[in-house]
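input.pdb (PDB, C-alpha atoms and all ligand atoms) appears below.
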ATOM      1  CA  MET A1182      14.286  -0.485 -12.762  1.00  0.00           C
ATOM      2  CA  ASN A1183      12.410  -1.035  -9.494  1.00  0.00           C
ATOM      3  CA  THR A1184      10.104  -4.042  -9.580  1.00  0.00           C
ATOM      4  CA  ILE A1185       8.091  -6.345  -7.355  1.00  0.00           C
ATOM      5  CA  GLU A1186       7.845  -9.813  -8.836  1.00  0.00           C
ATOM      6  CA  LEU A1187       5.764 -12.702  -7.640  1.00  0.00           C
ATOM      7  CA  LYS A1188       7.066 -15.882  -9.262  1.00  0.00           C
ATOM      8  CA  ASN A1189       4.808 -18.918  -9.142  1.00  0.00           C
ATOM      9  CA  VAL A1190       3.575 -18.000  -5.684  1.00  0.00           C
ATOM     10  CA  SER A1191       1.160 -20.283  -3.863  1.00  0.00           C
ATOM     11  CA  LYS A1192      -0.298 -19.750  -0.430  1.00  0.00           C
ATOM     12  CA  ILE A1193      -2.081 -22.556   1.356  1.00  0.00           C
ATOM     13  CA  TYR A1194      -3.523 -21.771   4.775  1.00  0.00           C
ATOM     14  CA  ASN A1195      -3.502 -24.573   7.341  1.00  0.00           C
ATOM     15  CA  ASN A1196      -2.700 -27.202   4.682  1.00  0.00           C
ATOM     16  CA  LYS A1197      -6.296 -26.736   3.513  1.00  0.00           C
ATOM     17  CA  VAL A1198      -7.261 -23.453   1.870  1.00  0.00           C
ATOM     18  CA  THR A1199      -5.429 -22.533  -1.342  1.00  0.00           C
ATOM     19  CA  ALA A1200      -5.671 -18.738  -1.303  1.00  0.00           C
ATOM     20  CA  MET A1201      -3.087 -18.258  -4.089  1.00  0.00           C
ATOM     21  CA  ASP A1202      -2.471 -20.857  -6.754  1.00  0.00           C
ATOM     22  CA  ASN A1203       0.771 -20.448  -8.733  1.00  0.00           C
ATOM     23  CA  VAL A1204       0.443 -16.673  -9.109  1.00  0.00           C
ATOM     24  CA  SER A1205       2.986 -14.692 -11.124  1.00  0.00           C
ATOM     25  CA  LEU A1206       2.836 -10.906 -11.335  1.00  0.00           C
ATOM     26  CA  LYS A1207       5.329  -8.145 -12.041  1.00  0.00           C
ATOM     27  CA  LEU A1208       4.813  -4.555 -10.937  1.00  0.00           C
ATOM     28  CA  SER A1209       7.278  -2.029 -12.319  1.00  0.00           C
ATOM     29  CA  GLU A1210       8.074   1.527 -11.259  1.00  0.00           C
ATOM     30  CA  GLY A1211       5.581   4.055 -12.568  1.00  0.00           C
ATOM     31  CA  GLU A1212       2.982   1.352 -13.128  1.00  0.00           C
ATOM     32  CA  PHE A1213      -0.508   1.178 -11.614  1.00  0.00           C
ATOM     33  CA  ILE A1214      -1.984  -2.322 -11.391  1.00  0.00           C
ATOM     34  CA  ALA A1215      -5.356  -3.245  -9.941  1.00  0.00           C
ATOM     35  CA  VAL A1216      -6.113  -6.748  -8.741  1.00  0.00           C
ATOM     36  CA  MET A1217      -9.848  -7.281  -8.753  1.00  0.00           C
ATOM     37  CA  GLY A1218     -12.058 -10.203  -7.888  1.00  0.00           C
ATOM     38  CA  GLN A1219     -14.772 -11.388  -5.578  1.00  0.00           C
ATOM     39  CA  SER A1220     -14.506 -11.526  -1.828  1.00  0.00           C
ATOM     40  CA  GLY A1221     -12.539 -14.597  -0.759  1.00  0.00           C
ATOM     41  CA  SER A1222     -10.705 -14.915  -4.095  1.00  0.00           C
ATOM     42  CA  GLY A1223      -7.284 -14.265  -2.516  1.00  0.00           C
ATOM     43  CA  LYS A1224      -6.701 -10.557  -3.219  1.00  0.00           C
ATOM     44  CA  SER A1225      -5.671  -9.560   0.306  1.00  0.00           C
ATOM     45  CA  THR A1226      -3.442 -12.588   0.569  1.00  0.00           C
ATOM     46  CA  LEU A1227      -1.682 -11.516  -2.629  1.00  0.00           C
ATOM     47  CA  LEU A1228      -1.185  -7.996  -1.309  1.00  0.00           C
ATOM     48  CA  GLN A1229       0.134  -9.226   2.037  1.00  0.00           C
ATOM     49  CA  ILE A1230       2.616 -11.534   0.372  1.00  0.00           C
ATOM     50  CA  ALA A1231       3.753  -8.894  -2.124  1.00  0.00           C
ATOM     51  CA  GLY A1232       4.093  -6.527   0.845  1.00  0.00           C
ATOM     52  CA  LEU A1233       6.129  -8.974   2.923  1.00  0.00           C
ATOM     53  CA  LEU A1234       3.493  -9.005   5.642  1.00  0.00           C
ATOM     54  CA  ASP A1235       3.079 -12.769   5.197  1.00  0.00           C
ATOM     55  CA  SER A1236       5.167 -15.518   3.652  1.00  0.00           C
ATOM     56  CA  CYS A1237       4.209 -17.799   0.791  1.00  0.00           C
ATOM     57  CA  THR A1238       3.973 -21.589   0.874  1.00  0.00           C
ATOM     58  CA  SER A1239       5.926 -21.919  -2.377  1.00  0.00           C
ATOM     59  CA  GLY A1240       7.333 -19.632  -5.052  1.00  0.00           C
ATOM     60  CA  GLU A1241       9.426 -16.491  -4.816  1.00  0.00           C
ATOM     61  CA  VAL A1242       8.937 -12.822  -4.036  1.00  0.00           C
ATOM     62  CA  VAL A1243      11.611 -10.648  -5.647  1.00  0.00           C
ATOM     63  CA  ILE A1244      11.821  -6.960  -4.780  1.00  0.00           C
ATOM     64  CA  ASN A1245      14.171  -4.738  -6.780  1.00  0.00           C
ATOM     65  CA  GLY A1246      16.021  -7.844  -7.923  1.00  0.00           C
ATOM     66  CA  GLU A1247      16.441  -9.348  -4.457  1.00  0.00           C
ATOM     67  CA  ASN A1248      14.760 -12.647  -3.635  1.00  0.00           C
ATOM     68  CA  VAL A1249      13.236 -11.769  -0.272  1.00  0.00           C
ATOM     69  CA  SER A1250      11.611 -15.141   0.356  1.00  0.00           C
ATOM     70  CA  LYS A1251      14.545 -16.319   2.460  1.00  0.00           C
ATOM     71  CA  LEU A1252      15.356 -13.122   4.371  1.00  0.00           C
ATOM     72  CA  ASP A1253      15.165 -13.116   8.170  1.00  0.00           C
ATOM     73  CA  LYS A1254      12.624 -10.998  10.058  1.00  0.00           C
ATOM     74  CA  ASN A1255      14.899  -7.993  10.549  1.00  0.00           C
ATOM     75  CA  LYS A1256      15.981  -7.802   6.917  1.00  0.00           C
ATOM     76  CA  LEU A1257      12.357  -8.162   5.807  1.00  0.00           C
ATOM     77  CA  ALA A1258      11.365  -5.280   8.074  1.00  0.00           C
ATOM     78  CA  ASP A1259      14.144  -3.206   6.556  1.00  0.00           C
ATOM     79  CA  VAL A1260      13.005  -3.875   2.956  1.00  0.00           C
ATOM     80  CA  ARG A1261       9.421  -3.138   4.013  1.00  0.00           C
ATOM     81  CA  MET A1262      10.381   0.128   5.670  1.00  0.00           C
ATOM     82  CA  LYS A1263      12.528   1.377   2.789  1.00  0.00           C
ATOM     83  CA  SER A1264      10.695   0.085  -0.261  1.00  0.00           C
ATOM     84  CA  LEU A1265       7.015  -0.326   0.584  1.00  0.00           C
ATOM     85  CA  GLY A1266       4.175   1.873   1.772  1.00  0.00           C
ATOM     86  CA  PHE A1267       0.764   0.538   2.791  1.00  0.00           C
ATOM     87  CA  VAL A1268      -2.757   1.907   2.618  1.00  0.00           C
ATOM     88  CA  PHE A1269      -5.646  -0.030   4.145  1.00  0.00           C
ATOM     89  CA  GLN A1270      -9.419   0.119   3.885  1.00  0.00           C
ATOM     90  CA  ALA A1271      -9.814   1.162   7.508  1.00  0.00           C
ATOM     91  CA  PHE A1272      -7.180   3.969   7.329  1.00  0.00           C
ATOM     92  CA  HIS A1273      -5.553   2.804  10.615  1.00  0.00           C
ATOM     93  CA  LEU A1274      -4.664   6.318  11.714  1.00  0.00           C
ATOM     94  CA  ASN A1275      -3.786   6.903  15.352  1.00  0.00           C
ATOM     95  CA  SER A1276      -6.706   8.912  16.746  1.00  0.00           C
ATOM     96  CA  HIS A1277      -4.511  10.507  19.434  1.00  0.00           C
ATOM     97  CA  LEU A1278      -2.095  11.987  16.926  1.00  0.00           C
ATOM     98  CA  LYS A1279      -2.541  15.012  14.685  1.00  0.00           C
ATOM     99  CA  VAL A1280      -2.305  14.690  10.907  1.00  0.00           C
ATOM    100  CA  TYR A1281       1.395  15.552  10.709  1.00  0.00           C
ATOM    101  CA  GLU A1282       2.198  13.301  13.678  1.00  0.00           C
ATOM    102  CA  ASN A1283       0.464  10.346  12.023  1.00  0.00           C
ATOM    103  CA  ILE A1284       2.537  10.951   8.910  1.00  0.00           C
ATOM    104  CA  MET A1285       5.712  11.046  11.018  1.00  0.00           C
ATOM    105  CA  VAL A1286       5.116   7.633  12.613  1.00  0.00           C
ATOM    106  CA  PRO A1287       6.934   5.526   9.960  1.00  0.00           C
ATOM    107  CA  MET A1288       9.834   7.994  10.021  1.00  0.00           C
ATOM    108  CA  LEU A1289      10.532   7.188  13.671  1.00  0.00           C
ATOM    109  CA  ILE A1290      12.105   3.853  12.710  1.00  0.00           C
ATOM    110  CA  ASN A1291      14.078   5.320   9.805  1.00  0.00           C
ATOM    111  CA  ASN A1292      17.534   6.451  10.924  1.00  0.00           C
ATOM    112  CA  GLU A1293      17.944   8.545   7.782  1.00  0.00           C
ATOM    113  CA  PHE A1294      16.073  11.326   9.576  1.00  0.00           C
ATOM    114  CA  LYS A1295      18.395  13.278  11.869  1.00  0.00           C
ATOM    115  CA  ASN A1296      15.781  14.726  14.200  1.00  0.00           C
ATOM    116  CA  LYS A1297      12.102  15.435  14.766  1.00  0.00           C
ATOM    117  CA  ALA A1298      12.313  18.795  12.999  1.00  0.00           C
ATOM    118  CA  GLU A1299      13.421  17.071   9.804  1.00  0.00           C
ATOM    119  CA  MET A1300      10.574  14.579  10.156  1.00  0.00           C
ATOM    120  CA  LYS A1301       8.069  17.343  10.693  1.00  0.00           C
ATOM    121  CA  GLN A1302       9.272  19.186   7.619  1.00  0.00           C
ATOM    122  CA  LYS A1303       8.861  16.030   5.534  1.00  0.00           C
ATOM    123  CA  ALA A1304       5.391  15.495   7.032  1.00  0.00           C
ATOM    124  CA  GLU A1305       4.465  19.054   6.026  1.00  0.00           C
ATOM    125  CA  GLU A1306       5.605  18.409   2.456  1.00  0.00           C
ATOM    126  CA  LEU A1307       3.597  15.194   2.276  1.00  0.00           C
ATOM    127  CA  THR A1308       0.536  16.857   3.757  1.00  0.00           C
ATOM    128  CA  ALA A1309       0.755  19.396   0.945  1.00  0.00           C
ATOM    129  CA  THR A1310       1.207  16.597  -1.618  1.00  0.00           C
ATOM    130  CA  VAL A1311      -2.182  15.175  -0.692  1.00  0.00           C
ATOM    131  CA  GLY A1312      -3.778  18.637  -0.518  1.00  0.00           C
ATOM    132  CA  LEU A1313      -4.332  18.747   3.238  1.00  0.00           C
ATOM    133  CA  SER A1314      -2.031  21.518   4.468  1.00  0.00           C
ATOM    134  CA  HIS A1315      -5.043  23.294   5.972  1.00  0.00           C
ATOM    135  CA  ARG A1316      -5.719  20.216   8.125  1.00  0.00           C
ATOM    136  CA  ILE A1317      -2.193  19.550   9.319  1.00  0.00           C
ATOM    137  CA  ASP A1318      -2.938  20.195  13.021  1.00  0.00           C
ATOM    138  CA  HIS A1319      -6.251  18.363  13.023  1.00  0.00           C
ATOM    139  CA  TYR A1320      -7.021  15.009  14.575  1.00  0.00           C
ATOM    140  CA  PRO A1321      -8.373  12.160  12.412  1.00  0.00           C
ATOM    141  CA  SER A1322     -11.832  12.430  14.002  1.00  0.00           C
ATOM    142  CA  GLU A1323     -12.068  15.980  12.626  1.00  0.00           C
ATOM    143  CA  LEU A1324     -11.550  14.787   9.038  1.00  0.00           C
ATOM    144  CA  SER A1325     -13.836  13.208   6.458  1.00  0.00           C
ATOM    145  CA  GLY A1326     -13.192   9.606   5.406  1.00  0.00           C
ATOM    146  CA  GLY A1327     -11.617  10.755   2.152  1.00  0.00           C
ATOM    147  CA  GLU A1328      -9.334  13.149   4.007  1.00  0.00           C
ATOM    148  CA  GLN A1329      -8.331  10.427   6.453  1.00  0.00           C
ATOM    149  CA  GLN A1330      -7.400   8.152   3.576  1.00  0.00           C
ATOM    150  CA  ARG A1331      -5.333  10.947   2.030  1.00  0.00           C
ATOM    151  CA  VAL A1332      -3.455  11.223   5.340  1.00  0.00           C
ATOM    152  CA  ALA A1333      -2.890   7.463   5.191  1.00  0.00           C
ATOM    153  CA  ILE A1334      -1.471   7.863   1.672  1.00  0.00           C
ATOM    154  CA  ALA A1335       0.850  10.614   2.893  1.00  0.00           C
ATOM    155  CA  ARG A1336       1.926   8.355   5.752  1.00  0.00           C
ATOM    156  CA  ALA A1337       2.589   5.532   3.277  1.00  0.00           C
ATOM    157  CA  LEU A1338       4.958   7.923   1.475  1.00  0.00           C
ATOM    158  CA  ALA A1339       6.835   8.871   4.645  1.00  0.00           C
ATOM    159  CA  ASN A1340      10.000   6.913   3.911  1.00  0.00           C
ATOM    160  CA  ASN A1341       9.888   7.551   0.167  1.00  0.00           C
ATOM    161  CA  PRO A1342       9.072   3.955  -0.824  1.00  0.00           C
ATOM    162  CA  ASP A1343       9.353   2.591  -4.349  1.00  0.00           C
ATOM    163  CA  PHE A1344       5.902   1.006  -4.148  1.00  0.00           C
ATOM    164  CA  ILE A1345       2.510   1.707  -2.623  1.00  0.00           C
ATOM    165  CA  LEU A1346       0.295  -1.271  -1.852  1.00  0.00           C
ATOM    166  CA  ALA A1347      -3.347  -0.498  -1.139  1.00  0.00           C
ATOM    167  CA  ASP A1348      -5.945  -2.963   0.114  1.00  0.00           C
ATOM    168  CA  GLU A1349      -9.507  -1.834  -0.734  1.00  0.00           C
ATOM    169  CA  PRO A1350      -8.514   1.813  -0.176  1.00  0.00           C
ATOM    170  CA  THR A1351     -11.972   3.096  -1.082  1.00  0.00           C
ATOM    171  CA  GLY A1352     -13.968   0.442   0.772  1.00  0.00           C
ATOM    172  CA  ASN A1353     -15.134   2.950   3.392  1.00  0.00           C
ATOM    173  CA  LEU A1354     -15.683   5.911   1.083  1.00  0.00           C
ATOM    174  CA  ASP A1355     -18.476   7.433  -0.984  1.00  0.00           C
ATOM    175  CA  SER A1356     -18.128   7.593  -4.772  1.00  0.00           C
ATOM    176  CA  LYS A1357     -16.809  11.170  -4.913  1.00  0.00           C
ATOM    177  CA  ASN A1358     -14.058  10.392  -2.444  1.00  0.00           C
ATOM    178  CA  GLU A1359     -13.208   7.068  -4.039  1.00  0.00           C
ATOM    179  CA  LEU A1360     -12.376   8.806  -7.319  1.00  0.00           C
ATOM    180  CA  MET A1361     -10.235  11.304  -5.431  1.00  0.00           C
ATOM    181  CA  ILE A1362      -8.268   8.480  -3.784  1.00  0.00           C
ATOM    182  CA  PHE A1363      -7.716   6.626  -7.063  1.00  0.00           C
ATOM    183  CA  GLU A1364      -6.628   9.933  -8.611  1.00  0.00           C
ATOM    184  CA  GLU A1365      -4.208  10.502  -5.737  1.00  0.00           C
ATOM    185  CA  LEU A1366      -2.731   7.018  -6.176  1.00  0.00           C
ATOM    186  CA  LYS A1367      -2.421   7.502  -9.928  1.00  0.00           C
ATOM    187  CA  LYS A1368      -0.566  10.777  -9.357  1.00  0.00           C
ATOM    188  CA  LEU A1369       2.131   8.835  -7.508  1.00  0.00           C
ATOM    189  CA  THR A1370       2.994   6.828 -10.599  1.00  0.00           C
ATOM    190  CA  GLY A1371       4.030  10.133 -12.217  1.00  0.00           C
ATOM    191  CA  SER A1372       6.871  10.347  -9.704  1.00  0.00           C
ATOM    192  CA  GLY A1373       7.951   6.798 -10.539  1.00  0.00           C
ATOM    193  CA  LYS A1374       6.205   4.863  -7.787  1.00  0.00           C
ATOM    194  CA  GLY A1375       4.655   1.519  -8.591  1.00  0.00           C
ATOM    195  CA  VAL A1376       1.112   1.176  -7.243  1.00  0.00           C
ATOM    196  CA  LEU A1377      -0.697  -2.079  -6.587  1.00  0.00           C
ATOM    197  CA  VAL A1378      -4.336  -1.775  -5.575  1.00  0.00           C
ATOM    198  CA  VAL A1379      -6.572  -4.609  -4.513  1.00  0.00           C
ATOM    199  CA  SER A1380     -10.200  -3.686  -4.981  1.00  0.00           C
ATOM    200  CA  HIS A1381     -13.586  -4.847  -6.049  1.00  0.00           C
ATOM    201  CA  ASN A1382     -14.516  -1.334  -7.084  1.00  0.00           C
ATOM    202  CA  ASP A1383     -14.921  -1.108 -10.883  1.00  0.00           C
ATOM    203  CA  ALA A1384     -14.106   2.616 -10.782  1.00  0.00           C
ATOM    204  CA  VAL A1385     -10.425   1.766 -10.305  1.00  0.00           C
ATOM    205  CA  MET A1386     -10.229   0.518 -13.901  1.00  0.00           C
ATOM    206  CA  ASP A1387     -10.341   4.087 -15.241  1.00  0.00           C
ATOM    207  CA  PHE A1388      -7.072   4.872 -13.495  1.00  0.00           C
ATOM    208  CA  THR A1389      -4.888   1.807 -13.917  1.00  0.00           C
ATOM    209  CA  ASP A1390      -2.462   0.622 -16.581  1.00  0.00           C
ATOM    210  CA  ARG A1391      -3.374  -3.015 -16.068  1.00  0.00           C
ATOM    211  CA  VAL A1392      -6.162  -4.945 -14.408  1.00  0.00           C
ATOM    212  CA  CYS A1393      -5.744  -8.516 -13.193  1.00  0.00           C
ATOM    213  CA  ILE A1394      -8.555 -10.686 -11.977  1.00  0.00           C
ATOM    214  CA  MET A1395      -8.200 -13.084  -9.080  1.00  0.00           C
ATOM    215  CA  LYS A1396     -10.539 -16.069  -9.112  1.00  0.00           C
ATOM    216  CA  ASP A1397     -10.263 -18.860  -6.558  1.00  0.00           C
ATOM    217  CA  GLY A1398      -6.600 -18.035  -6.036  1.00  0.00           C
ATOM    218  CA  VAL A1399      -5.737 -17.954  -9.747  1.00  0.00           C
ATOM    219  CA  LEU A1400      -4.641 -14.629 -11.275  1.00  0.00           C
ATOM    220  CA  GLU A1401      -5.487 -13.733 -14.854  1.00  0.00           C
ATOM    221  CA  GLU A1402      -4.788 -10.643 -16.893  1.00  0.00           C
ATOM    222  CA  LYS A1403      -8.043  -8.930 -17.845  1.00  0.00           C
TER     223      LYS A1403
HETATM  224  P1  LIG B1501     -10.065 -11.542  -0.576  1.00  0.00           P
HETATM  225  O1  LIG B1501      -9.087 -10.500  -0.163  1.00  0.00           O
HETATM  226  O2  LIG B1501     -10.177 -11.670  -2.072  1.00  0.00           O
HETATM  227  O3  LIG B1501     -11.407 -11.362   0.063  1.00  0.00           O
HETATM  228  P2  LIG B1501      -8.480 -13.338   1.065  1.00  0.00           P
HETATM  229  O4  LIG B1501      -7.100 -13.256   0.529  1.00  0.00           O
HETATM  230  O5  LIG B1501      -8.785 -12.564   2.309  1.00  0.00           O
HETATM  231  O6  LIG B1501      -9.514 -12.972  -0.097  1.00  0.00           O
HETATM  232  O7  LIG B1501      -8.849 -14.882   1.350  1.00  0.00           O
HETATM  233  C1  LIG B1501      -8.644 -15.911   0.389  1.00  0.00           C
HETATM  234  C2  LIG B1501      -9.032 -17.243   1.014  1.00  0.00           C
HETATM  235  O8  LIG B1501      -8.119 -17.574   2.049  1.00  0.00           O
HETATM  236  C3  LIG B1501     -10.417 -17.255   1.639  1.00  0.00           C
HETATM  237  O9  LIG B1501     -10.979 -18.526   1.431  1.00  0.00           O
HETATM  238  C4  LIG B1501     -10.137 -17.019   3.107  1.00  0.00           C
HETATM  239  O10 LIG B1501     -11.139 -17.601   3.904  1.00  0.00           O
HETATM  240  C5  LIG B1501      -8.800 -17.711   3.287  1.00  0.00           C
HETATM  241  N1  LIG B1501      -7.977 -17.092   4.342  1.00  0.00           N
HETATM  242  C6  LIG B1501      -7.552 -15.820   4.367  1.00  0.00           C
HETATM  243  N2  LIG B1501      -6.777 -15.590   5.449  1.00  0.00           N
HETATM  244  C7  LIG B1501      -6.708 -16.768   6.132  1.00  0.00           C
HETATM  245  C8  LIG B1501      -6.071 -17.194   7.335  1.00  0.00           C
HETATM  246  N3  LIG B1501      -5.299 -16.346   8.045  1.00  0.00           N
HETATM  247  N4  LIG B1501      -6.229 -18.469   7.718  1.00  0.00           N
HETATM  248  C9  LIG B1501      -6.974 -19.340   6.987  1.00  0.00           C
HETATM  249  N5  LIG B1501      -7.608 -18.998   5.844  1.00  0.00           N
HETATM  250  C10 LIG B1501      -7.488 -17.739   5.405  1.00  0.00           C
END
Just give me the structure of the file as structure tokens.
Amino acid sequence: MNTIELKNVSKIYNNKVTAMDNVSLKLSEGEFIAVMGQSGSGKSTLLQIAGLLDSCTSGEVVINGENVSKLDKNKLADVRMKSLGFVFQAFHLNSHLKVYENIMVPMLINNEFKNKAEMKQKAEELTATVGLSHRIDHYPSELSGGEQQRVAIARALANNPDFILADEPTGNLDSKNELMIFEELKKLTGSGKGVLVVSHNDAVMDFTDRVCIMKDGVLEEK
């Protein structure tokens, strides 16, 4: 069973700010967990540590049974590329690339793709998955916010990760689009992906299996 486990993880910035205080959390395949809490409570820090974008001060991060806390930079990048996909509040699409080209970007560092044609075919499939085939040749500036975030979700799926980690994915969207994005993320759990969303949007609770609350760096099950 694919899992991400945080075991007694603490993160202290600059020897001063305790952003995570002995946090333990397990995300399994097919599971949708939301971490909620006020601004400054440590949600983004949790997501970055679970996503191997930052290291913890103490504790362990275990991904699919492997303790990744001690891996070197290259091995970490490899686990990130193969196992994790990221979605951010600000979409972070490349404005100079068309929809399918944006989705291909993570594939460029994955040597499992033989050539560009294979990557493009996969990008077309993923574009269809998020319901945007009719926009495949468009640039991000020609899309609505909700559509841009759906492209970002497709891009997060590029290398068929086990987990999707999303940091305030609806922070820049109106309420109709936010429901669509949560729905899209929930759909992924049906194909076995584990989804971890950090949000302060109450609407997420209608879609998740579990909700955890972060308060001053301490995580509690709701
Ligand atoms: P949230 O995502 O819930 O808004 P964060 O994880 O961004 O919370 O921040 C948690 C705490 O850690 C805050 O007090 C914030 O100021 C602090 N913090 C976050 N990132 C850094 C950093 N790079 N350096 C120092 N302090 C940080």
Which residues of chain A come within 6 Å of ligand LIG 1501 (chain B), and for each one, what is the closest pair of atoms and their distance in Å to one decimal, counting all atoms listed in the file, sorted by chain and residue number, as a tab-separated table?
residue	atom	partner	partner_atom	distance
A:Tyr1194	CA	B:LIG1501	C9	4.8
A:Val1198	CA	B:LIG1501	O8	5.9
A:Ala1200	CA	B:LIG1501	O8	4.3
A:Gln1219	CA	B:LIG1501	O2	5.8
A:Ser1220	CA	B:LIG1501	O3	3.6
A:Gly1221	CA	B:LIG1501	O6	3.5
A:Ser1222	CA	B:LIG1501	O2	3.9
A:Gly1223	CA	B:LIG1501	O4	3.2
A:Lys1224	CA	B:LIG1501	O2	3.8
A:Ser1225	CA	B:LIG1501	O1	3.6
A:Thr1226	CA	B:LIG1501	O4	3.7
Selection result of the PyMOL selection byres (((chain A and resi 1271) around 8) and not hetatm) on this file, as an mmCIF file with C-alpha atoms, in the coordinates of the input:
data_model
loop_
_atom_site.group_PDB
_atom_site.id
_atom_site.type_symbol
_atom_site.label_atom_id
_atom_site.label_comp_id
_atom_site.auth_asym_id
_atom_site.auth_seq_id
_atom_site.Cartn_x
_atom_site.Cartn_y
_atom_site.Cartn_z
ATOM 1 C CA PHE A 1269 -5.646 -0.030 4.145
ATOM 2 C CA GLN A 1270 -9.419 0.119 3.885
ATOM 3 C CA PHE A 1272 -7.180 3.969 7.329
ATOM 4 C CA HIS A 1273 -5.553 2.804 10.615
ATOM 5 C CA PRO A 1350 -8.514 1.813 -0.176
ATOM 6 C CA GLY A 1352 -13.968 0.442 0.772
ATOM 7 C CA ASN A 1353 -15.134 2.950 3.392
#
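For the choices A:Lys1254, A:Gly1211, A:Leu1187, A:Asn1296, the atom-to-atom distance to A:Leu1369 is smallest for A:Gly1211 when using only C-alpha atoms.
Note that atom CA of A:Lys1192 and atom CA of A:Cys1237 are 5.1 Å apart.
Separating atom CA of A:Gln1329 from atom CA of A:Leu1274 is a distance of 7.6 Å.
Using all atoms listed in the file for every distance, the candidate list A:Asn1183, A:Ser1372, A:Ser1322, A:Ser1236 yields A:Ser1322 as the residue closest to A:Val1280.
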Worksheet item: In Å to one decimal, how far is atom CA of A:Ile1345 from atom CA of A:His1319?
Response: 24.5 Å
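The residues returned by the PyMOL selection byres (((chain A and resi 1311) around 10) and not hetatm) for this structure are Glu1306, Leu1307, Thr1308, Ala1309, Thr1310, Gly1312, Leu1313, Ser1314, Glu1328, Gln1330, Arg1331, Val1332, Ala1333, Ile1334, Ala1335, Ile1362, Glu1365, Leu1366 and Lys1368 of chain A.
Of the residues under consideration (A:Glu1299, A:Glu1364, A:Asp1348, A:Met1262), A:Asp1348 shows the shortest atom-to-atom contact distance to A:Ser1380 when counting all atoms listed in the file.
Minimum distance to A:Glu1349 across A:Phe1294, A:Phe1213, A:Phe1388, A:Phe1267 (counting only C-alpha atoms) occurs at A:Phe1267.
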Worksheet entry | the PyMOL selection byres (((chain A and resi 1279) around 10) and not hetatm) resolved against shown file, as a list in words | Leu1274, Asn1275, Ser1276, His1277, Leu1278, Val1280, Tyr1281, Glu1282, Asn1283, Ile1284, Met1285, Arg1316, Ile1317, Asp1318, His1319, Tyr1320, Pro1321, Ser1322 and Glu1323 of chain A
Kindly export the residues of the current selection with C-alpha atoms, as a compact mmCIF listing (two decimals), in the frame of the given file.
# COMPACT_ATOMS: atom_id res chain seq x y z
CA LEU A 1274 -4.66 6.32 11.71
CA ASN A 1275 -3.79 6.90 15.35
CA SER A 1276 -6.71 8.91 16.75
CA HIS A 1277 -4.51 10.51 19.43
CA LEU A 1278 -2.10 11.99 16.93
CA VAL A 1280 -2.31 14.69 10.91
CA TYR A 1281 1.40 15.55 10.71
CA GLU A 1282 2.20 13.30 13.68
CA ASN A 1283 0.46 10.35 12.02
CA ILE A 1284 2.54 10.95 8.91
CA MET A 1285 5.71 11.05 11.02
CA ARG A 1316 -5.72 20.22 8.12
CA ILE A 1317 -2.19 19.55 9.32
CA ASP A 1318 -2.94 20.20 13.02
CA HIS A 1319 -6.25 18.36 13.02
CA TYR A 1320 -7.02 15.01 14.58
CA PRO A 1321 -8.37 12.16 12.41
CA SER A 1322 -11.83 12.43 14.00
CA GLU A 1323 -12.07 15.98 12.63
Item to complete: For each of A:Glu1212, A:Ile1185, A:Lys1197, A:Gly1266, take the minimum atom-to-atom distance to A:Arg1391, counting all atoms listed in the file, then give the residue where this is smallest.
Response: A:Glu1212
